[in-house]
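File shown: target32.cif. Contents: mmCIF, C-alpha atoms.
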data_data
loop_
_atom_site.label_atom_id
_atom_site.label_comp_id
_atom_site.auth_asym_id
_atom_site.auth_seq_id
_atom_site.Cartn_x
_atom_site.Cartn_y
_atom_site.Cartn_z
CA MET W 54 91.99 115.33 120.61
CA ILE W 55 91.25 114.83 116.93
CA LYS W 56 94.45 113.43 115.38
CA LEU W 57 94.75 114.85 111.90
CA ILE W 58 97.05 114.47 108.89
CA ILE W 59 97.28 117.06 106.14
CA ALA W 60 98.32 115.79 102.70
CA GLU W 61 98.86 118.73 100.36
CA ASP W 62 101.75 119.25 97.95
CA ILE W 63 101.51 123.05 97.74
CA GLN W 64 103.35 124.33 100.79
CA PRO W 65 101.56 127.69 101.23
CA ILE W 66 98.22 125.90 101.24
CA MET W 67 99.53 123.26 103.63
CA ARG W 68 100.86 125.91 106.02
CA ARG W 69 97.56 127.77 105.87
CA TYR W 70 95.67 124.63 106.93
CA GLN W 71 98.16 123.96 109.70
CA LYS W 72 97.87 127.49 111.04
CA ILE W 73 94.08 127.35 111.07
CA LEU W 74 93.75 123.86 112.50
CA GLU W 75 96.46 124.08 115.16
CA LYS W 76 94.66 127.01 116.79
CA ASP W 77 91.76 124.73 117.69
CA ARG W 78 92.20 122.97 121.04
CA GLU W 79 90.32 119.89 119.85
CA ILE W 80 92.68 119.22 116.92
CA GLU W 81 96.24 117.90 116.84
CA VAL W 82 98.03 117.96 113.48
CA VAL W 83 100.21 114.86 113.78
CA ALA W 84 101.73 115.10 110.29
CA ALA W 85 101.80 117.31 107.20
CA VAL W 86 102.97 115.61 104.01
CA GLN W 87 103.24 116.39 100.33
CA SER W 88 102.42 113.10 98.62
CA GLY W 89 99.93 110.27 98.71
CA TYR W 90 102.75 107.85 99.44
CA GLU W 91 103.75 109.80 102.56
CA ALA W 92 100.10 110.07 103.59
CA VAL W 93 99.80 106.28 103.63
CA LEU W 94 103.04 105.93 105.62
CA MET W 95 102.00 108.54 108.19
CA ALA W 96 98.55 107.00 108.49
CA GLY W 97 100.23 103.71 109.38
CA MET W 98 102.41 105.41 111.98
CA HIS W 99 99.89 107.75 113.61
CA LYS W 100 96.52 106.10 112.91
CA PRO W 101 94.82 109.50 112.49
CA ASP W 102 91.15 110.20 113.06
CA VAL W 103 90.90 112.50 110.04
CA VAL W 104 92.99 113.02 106.90
CA LEU W 105 92.72 116.12 104.72
CA MET W 106 93.74 114.65 101.37
CA ASP W 107 94.61 116.61 98.25
CA ILE W 108 93.54 114.72 95.12
CA GLU W 109 96.42 115.66 92.85
CA MET W 110 99.92 115.43 94.30
CA GLU W 111 102.68 113.27 92.78
CA SER W 112 100.06 112.13 90.22
CA ARG W 113 96.55 113.14 89.20
CA THR W 114 94.94 110.41 91.30
CA SER W 115 97.50 110.02 94.09
CA GLY W 116 95.08 111.35 96.70
CA LEU W 117 92.34 108.92 95.73
CA ASP W 118 94.83 106.05 95.55
CA ALA W 119 96.14 106.90 99.03
CA ALA W 120 92.60 107.25 100.38
CA LYS W 121 91.76 103.78 99.08
CA GLN W 122 94.78 102.25 100.81
CA ILE W 123 94.19 104.06 104.09
CA LEU W 124 90.51 103.13 104.21
CA HIS W 125 91.38 99.52 103.43
CA HIS W 126 93.75 99.24 106.38
CA PHE W 127 92.06 101.76 108.71
CA PRO W 128 88.36 101.82 107.83
CA ASP W 129 87.49 104.03 110.80
CA THR W 130 89.65 106.87 109.49
CA LYS W 131 87.67 109.78 108.11
CA ILE W 132 89.00 111.26 104.90
CA VAL W 133 88.11 114.67 103.52
CA ILE W 134 89.38 115.23 100.01
CA LEU W 135 90.68 118.63 98.97
CA THR W 136 89.94 119.87 95.48
CA VAL W 137 90.29 123.05 93.47
CA TYR W 138 86.95 122.65 91.71
CA GLU W 139 83.88 120.47 92.04
CA ASP W 140 84.31 117.87 89.33
CA ASP W 141 81.37 115.44 89.46
CA ASP W 142 83.33 112.36 88.35
CA THR W 143 86.08 112.96 90.89
CA VAL W 144 83.63 113.63 93.71
CA PHE W 145 81.69 110.44 92.97
CA LYS W 146 84.85 108.35 92.71
CA ALA W 147 85.88 109.67 96.11
CA PHE W 148 82.55 108.87 97.73
CA GLN W 149 82.58 105.41 96.17
CA LEU W 150 85.89 104.81 97.94
CA GLY W 151 84.28 105.76 101.24
CA VAL W 152 85.55 109.28 101.93
CA SER W 153 83.49 111.28 104.39
CA ASP W 154 83.37 114.61 102.60
CA TYR W 155 85.15 116.95 100.23
CA MET W 156 86.22 120.54 100.62
CA LEU W 157 87.28 123.27 98.22
CA LYS W 158 90.83 124.44 98.81
CA ASN W 159 89.77 128.07 99.12
CA SER W 160 87.32 127.35 101.97
CA ASN W 161 87.39 129.85 104.80
CA PRO W 162 88.74 128.93 108.29
CA ALA W 163 85.29 128.32 109.76
CA GLU W 164 84.38 125.95 106.92
CA ILE W 165 87.67 124.05 107.31
CA LEU W 166 87.20 123.52 111.04
CA THR W 167 83.55 122.56 110.64
CA CYS W 168 84.35 120.09 107.88
CA VAL W 169 87.05 118.35 109.97
CA LYS W 170 84.86 118.11 113.07
CA ASP W 171 81.79 116.98 111.14
CA ALA W 172 83.85 114.21 109.57
CA TYR W 173 85.28 113.15 112.93
CA TYR W 174 81.89 113.05 114.65
CA GLY W 175 80.23 111.32 111.71
CA ARG W 176 77.85 114.13 111.00
CA SER W 177 79.04 115.19 107.56
CA PRO W 178 75.91 116.75 106.07
CA ILE W 179 74.51 116.08 102.63
CA ARG W 180 75.04 119.62 101.47
CA PRO W 181 72.75 120.99 98.72
CA VAL W 182 75.51 120.80 96.11
CA ILE W 183 76.22 117.14 96.94
CA ALA W 184 72.51 116.31 97.06
CA GLU W 185 72.13 117.80 93.58
CA LYS W 186 75.05 115.73 92.26
CA ILE W 187 73.53 112.56 93.73
CA ARG W 188 70.09 113.41 92.35
CA THR W 189 71.54 114.03 88.88
CA GLU W 190 73.46 110.75 88.97
CA PHE W 191 70.39 108.76 90.02
CA GLN W 192 68.40 110.35 87.19
CA ARG W 193 71.13 109.41 84.72
CA ILE W 194 71.18 105.82 85.98
CA TYR W 195 67.38 105.59 85.90
CA LYS W 196 67.18 106.87 82.34
CA SER W 197 69.89 104.45 81.26
CA GLU W 198 68.15 101.47 82.85
CA GLU W 199 64.83 102.61 81.46
CA SER W 200 66.29 102.76 77.94
CA LEU W 201 67.92 99.35 78.31
CA LEU W 202 64.67 97.74 79.42
CA TYR W 203 62.86 99.51 76.59
CA CYS W 204 65.34 98.16 74.03
CA LEU W 205 65.25 94.64 75.40
CA ARG W 206 61.46 94.62 75.43
CA ILE W 207 61.34 95.60 71.75
CA MET W 208 64.02 93.05 70.88
CA THR W 209 61.79 90.31 72.29
CA GLU W 210 59.04 91.47 69.92
CA LEU W 211 61.22 91.06 66.82
CA THR W 212 60.90 87.92 64.73
CA GLN W 213 63.91 85.68 64.20
CA THR W 214 64.25 87.06 60.67
CA GLU W 215 64.16 90.66 61.93
CA LEU W 216 66.77 89.85 64.55
CA THR W 217 68.99 88.39 61.85
CA ILE W 218 68.61 91.46 59.64
CA LEU W 219 69.35 93.75 62.59
CA ASP W 220 72.43 91.77 63.56
CA LEU W 221 73.79 91.80 60.01
CA LEU W 222 73.26 95.55 59.70
CA HIS W 223 75.06 96.03 63.00
CA LYS W 224 77.98 93.99 61.68
CA GLY W 225 78.26 96.35 58.71
CA TYR W 226 76.59 94.36 55.95
CA SER W 227 74.90 96.39 53.24
CA ARG W 228 71.33 95.70 52.20
CA GLN W 229 72.54 94.19 48.94
CA GLN W 230 74.92 91.89 50.81
CA ILE W 231 72.09 90.82 53.11
CA CYS W 232 69.98 89.96 50.05
CA GLU W 233 72.79 87.79 48.70
CA LEU W 234 73.44 86.10 52.04
CA ARG W 235 69.78 85.31 52.61
CA TYR W 236 68.84 84.63 48.99
CA VAL W 237 65.96 87.10 49.04
CA GLU W 238 64.86 90.07 46.97
CA MET W 239 65.65 93.66 47.98
CA SER W 240 61.94 94.35 48.44
CA THR W 241 61.83 91.62 51.12
CA VAL W 242 64.74 93.13 53.05
CA LYS W 243 63.17 96.58 52.81
CA THR W 244 59.92 95.22 54.22
CA GLN W 245 61.73 93.60 57.12
CA ILE W 246 63.68 96.81 57.87
CA HIS W 247 60.45 98.80 57.75
CA ALA W 248 58.95 96.42 60.34
CA ILE W 249 61.99 96.92 62.62
CA LEU W 250 61.74 100.71 62.34
CA LYS W 251 58.04 100.61 63.14
CA LYS W 252 58.61 98.55 66.29
CA PHE W 253 61.35 100.92 67.50
CA ASN W 254 59.34 103.96 66.39
CA LYS W 255 62.36 105.31 64.50
CA THR W 256 62.79 106.72 61.00
CA SER W 257 66.22 105.28 60.18
CA MET W 258 68.28 102.22 60.99
CA THR W 259 71.15 104.51 62.02
CA GLU W 260 68.99 105.71 64.94
CA VAL W 261 68.11 102.14 65.92
CA LEU W 262 71.69 100.90 65.76
CA SER W 263 73.01 103.92 67.67
CA LEU W 264 70.46 103.34 70.43
CA LEU W 265 71.33 99.66 70.72
CA ASP W 266 75.06 100.40 70.70
CA GLU W 267 74.63 103.01 73.42
CA MET W 268 72.87 100.45 75.61
CA ASN W 269 75.36 97.66 74.68
CA VAL W 270 72.38 95.52 73.73
CA PHE W 271 74.24 93.48 71.14
CA ASP W 272 76.99 92.61 73.61
CA TYR W 273 74.33 91.28 75.93
CA LEU W 274 72.27 89.47 73.34
CA HIS W 275 75.21 87.77 71.70
CA ASN W 276 75.60 85.80 74.90
CA VAL W 277 72.16 84.25 74.66
CA LYS W 278 71.00 81.41 72.48
CA LYS W 279 68.62 83.49 70.43
CA ILE W 280 71.48 85.46 68.89
CA ASP W 281 73.75 82.44 68.60
CA GLY W 282 71.34 81.08 66.03
CA MET W 283 71.90 84.04 63.74
CA LYS W 284 75.69 83.97 63.71
CA LYS W 285 75.60 81.89 60.52
CA PRO W 286 72.95 83.42 58.28
#
Output the file's structure as structure tokens, nothing else.
Amino acid sequence: MIKLIIAEDIQPIMRRYQKILEKDREIEVVAAVQSGYEAVLMAGMHKPDVVLMDIEMESRTSGLDAAKQILHHFPDTKIVILTVYEDDDTVFKAFQLGVSDYMLKNSNPAEILTCVKDAYYGRSPIRPVIAEKIRTEFQRIYKSEESLLYCLRIMTELTQTELTILDLLHKGYSRQQICELRYVEMSTVKTQIHAILKKFNKTSMTEVLSLLDEMNVFDYLHNVKKIDGMKKP
């Protein structure tokens, strides 16, 4: 028998799952609860094989919080999260915790039974919709890493003076203030800024600074010696 717990705070939905699942001879519903807290308690008492876990119960993340606790203490338990809509962030957070699958609350009886059994037997498929989410996330990560490497490569091509100018602009200094701090003419600062723009292939310093902020490049570089030398212009 597949020992199963249902955690769902909306009673009509809970009863619907119970009715569907209890008809199957392979499944025993050992508990039906309405909060993440109760789900954790019942998991400790019954050590279920599968838990159908609603995400939002007593709080917006109670299902994920309960799943984390259950998987910590009973790593062999299979958890299927229940959700009203396919929110990418929520789905990825759930998979990062180690859940086996997720299921829309309006799934038909056949889909509910299949999902529970697939989770139990460790054969939860990478459905097309999940594969697309994973593919999109990998593309996002790749582009982010690619941009970071691109920025760091260009930063290594900047001279010490250009790095200093860039750092001061990032800190909010105006061009006139930079001239006064560095005891140089405005034409010199303009030439140095032009060189920075050329290396980044940008038309404005706003674009350059936005790109570096997006990649958190300054946070990284301020931890290395090269930037330490420019803290006191």
W:Ile66, W:Leu135, W:Val82, W:Leu201 ranked by distance to Ala147 of chain W, top pick (using all atoms listed in the file):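 Closest residue, counting all atoms listed in the file: W:Leu135.
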Long-range neighbours of Val93 of chain W as a list in words, 10 Å cut-off, all atoms listed in the file, 3 positions minimum in chain: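 That gives Ala60, Val86, Ser88, Gly89, Tyr90, Ala96, Gly97, Met98, Lys100, Gly116, Asp118, Ala119, Ala120, Lys121, Gln122, Ile123, Leu124 and His126 of chain W.
Of the listed residues W:Thr259, W:Pro162, W:Met95, W:Ile249, the one whose atoms come nearest to Lys76 of chain W is W:Pro162, with distances taken using all atoms listed in the file.
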Protein, DNA and RNA residues within 12 Å of (95.3, 124.3, 91.3), all atoms listed in the file, as a list of chain:residue names: W:Glu61, W:Asp62, W:Ile63, W:Ile66, W:Asp107, W:Ile108, W:Glu109, W:Met110, W:Arg113, W:Leu135, W:Thr136, W:Val137, W:Tyr138, W:Leu157, W:Lys158, W:Asn159
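The interatomic distance for the pair atom CA of Tyr236 of chain W and atom CA of Arg206 of chain W works out to 29.2 Å.
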Selection near Ile59 of chain W, 9 Å with all atoms listed in the file, sequence-local residues under 6 positions removed, as a list in words: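 Neighbouring residues, sequence-local ones excluded: Met67, Tyr70, Gln71, Val82, Val83, Ala84, Ala85, Val86, Gln87, Ala92, Val103, Val104, Leu105, Met106 and Asp107 of chain W.
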Residues as selected, C-alpha atoms, written as a PDB file, in the coordinates of the input, can you do that?
ATOM      1  CA  MET W  67      99.530 123.260 103.630  1.00  0.00           C
ATOM      2  CA  TYR W  70      95.670 124.630 106.930  1.00  0.00           C
ATOM      3  CA  GLN W  71      98.160 123.960 109.700  1.00  0.00           C
ATOM      4  CA  VAL W  82      98.030 117.960 113.480  1.00  0.00           C
ATOM      5  CA  VAL W  83     100.210 114.860 113.780  1.00  0.00           C
ATOM      6  CA  ALA W  84     101.730 115.100 110.290  1.00  0.00           C
ATOM      7  CA  ALA W  85     101.800 117.310 107.200  1.00  0.00           C
ATOM      8  CA  VAL W  86     102.970 115.610 104.010  1.00  0.00           C
ATOM      9  CA  GLN W  87     103.240 116.390 100.330  1.00  0.00           C
ATOM     10  CA  ALA W  92     100.100 110.070 103.590  1.00  0.00           C
ATOM     11  CA  VAL W 103      90.900 112.500 110.040  1.00  0.00           C
ATOM     12  CA  VAL W 104      92.990 113.020 106.900  1.00  0.00           C
ATOM     13  CA  LEU W 105      92.720 116.120 104.720  1.00  0.00           C
ATOM     14  CA  MET W 106      93.740 114.650 101.370  1.00  0.00           C
ATOM     15  CA  ASP W 107      94.610 116.610  98.250  1.00  0.00           C
TER      16      ASP W 107
END
Close residues, Ile73 of chain W itself excluded, 9 Å, all atoms listed in the file, min 6 positions apart in chain, as number ranges by chain: W: 162-163, 165-166
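The smallest atom-to-atom distance between Met54 of chain W and any of W:Glu91, W:Glu75, W:Asp272, W:Glu267, using all atoms listed in the file, is found for W:Glu75.
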Atomic separation - atom CA of Lys56 of chain W relative to atom CA of Glu79 of chain W, Å: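 For atom CA of Glu79 of chain W relative to atom CA of Lys56 of chain W, the distance reads 8.9 Å.
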Who sits within 12 Å of His247 of chain W, all atoms listed in the file, same chain under 6 positions skipped, as an MDAnalysis selection string: chainID W and resid 211 215 218:219 240:241 253:258 261
Pairwise distance for atom CA of His223 of chain W and atom CA of Gln245 of chain W, rounded to one decimal in Å: 14.8 Å
Show which residues sit within 12 Å of Gln149 of chain W, as a compact mmCIF listing (two decimals) with C-alpha atoms, in the frame of the given file. Count all atoms listed in the file, and ignore same-chain residues fewer than 4 positions away.
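See out-v8.txt below for the written result:
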# COMPACT_ATOMS: atom_id res chain seq x y z
CA LEU W 117 92.34 108.92 95.73
CA ALA W 120 92.60 107.25 100.38
CA LYS W 121 91.76 103.78 99.08
CA LEU W 124 90.51 103.13 104.21
CA ASP W 142 83.33 112.36 88.35
CA THR W 143 86.08 112.96 90.89
CA VAL W 144 83.63 113.63 93.71
CA PHE W 145 81.69 110.44 92.97
CA SER W 153 83.49 111.28 104.39
CA ASP W 154 83.37 114.61 102.60
CA ILE W 187 73.53 112.56 93.73
Chain and number of each residue from the PyMOL selection byres ((chain W and resi 168) around 8), as a list of chain:residue names: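 With the PyMOL selection byres ((chain W and resi 168) around 8) on this model, the match is W:Val133, W:Asp154, W:Met156, W:Glu164, W:Ile165, W:Leu166, W:Thr167, W:Val169, W:Lys170, W:Asp171, W:Ala172, W:Ser177.
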Counting all atoms listed in the file, the option among W:Lys131, W:Leu234, W:Lys72, W:Asn269 closest to Leu202 of chain W: W:Asn269
Selected residue, from W:Arg228, W:Lys146, W:Lys243, W:Lys252, that lies nearest to Thr212 of chain W when counting only C-alpha atoms: W:Lys252
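Minimum distance to Thr209 of chain W across W:Gly225, W:Val270, W:Asp129, W:Ile231 (counting all atoms listed in the file) occurs at W:Val270.
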Report, as JSON, the centre and edge lengths in Å (one decimal) of the axis-aligned box enclosing every listed atom of segment 128-135 of chain W, padded by 5 Å on each side.
{"center_x": 89.1, "center_y": 110.2, "center_z": 104.9, "size_x": 13.2, "size_y": 26.8, "size_z": 21.8}
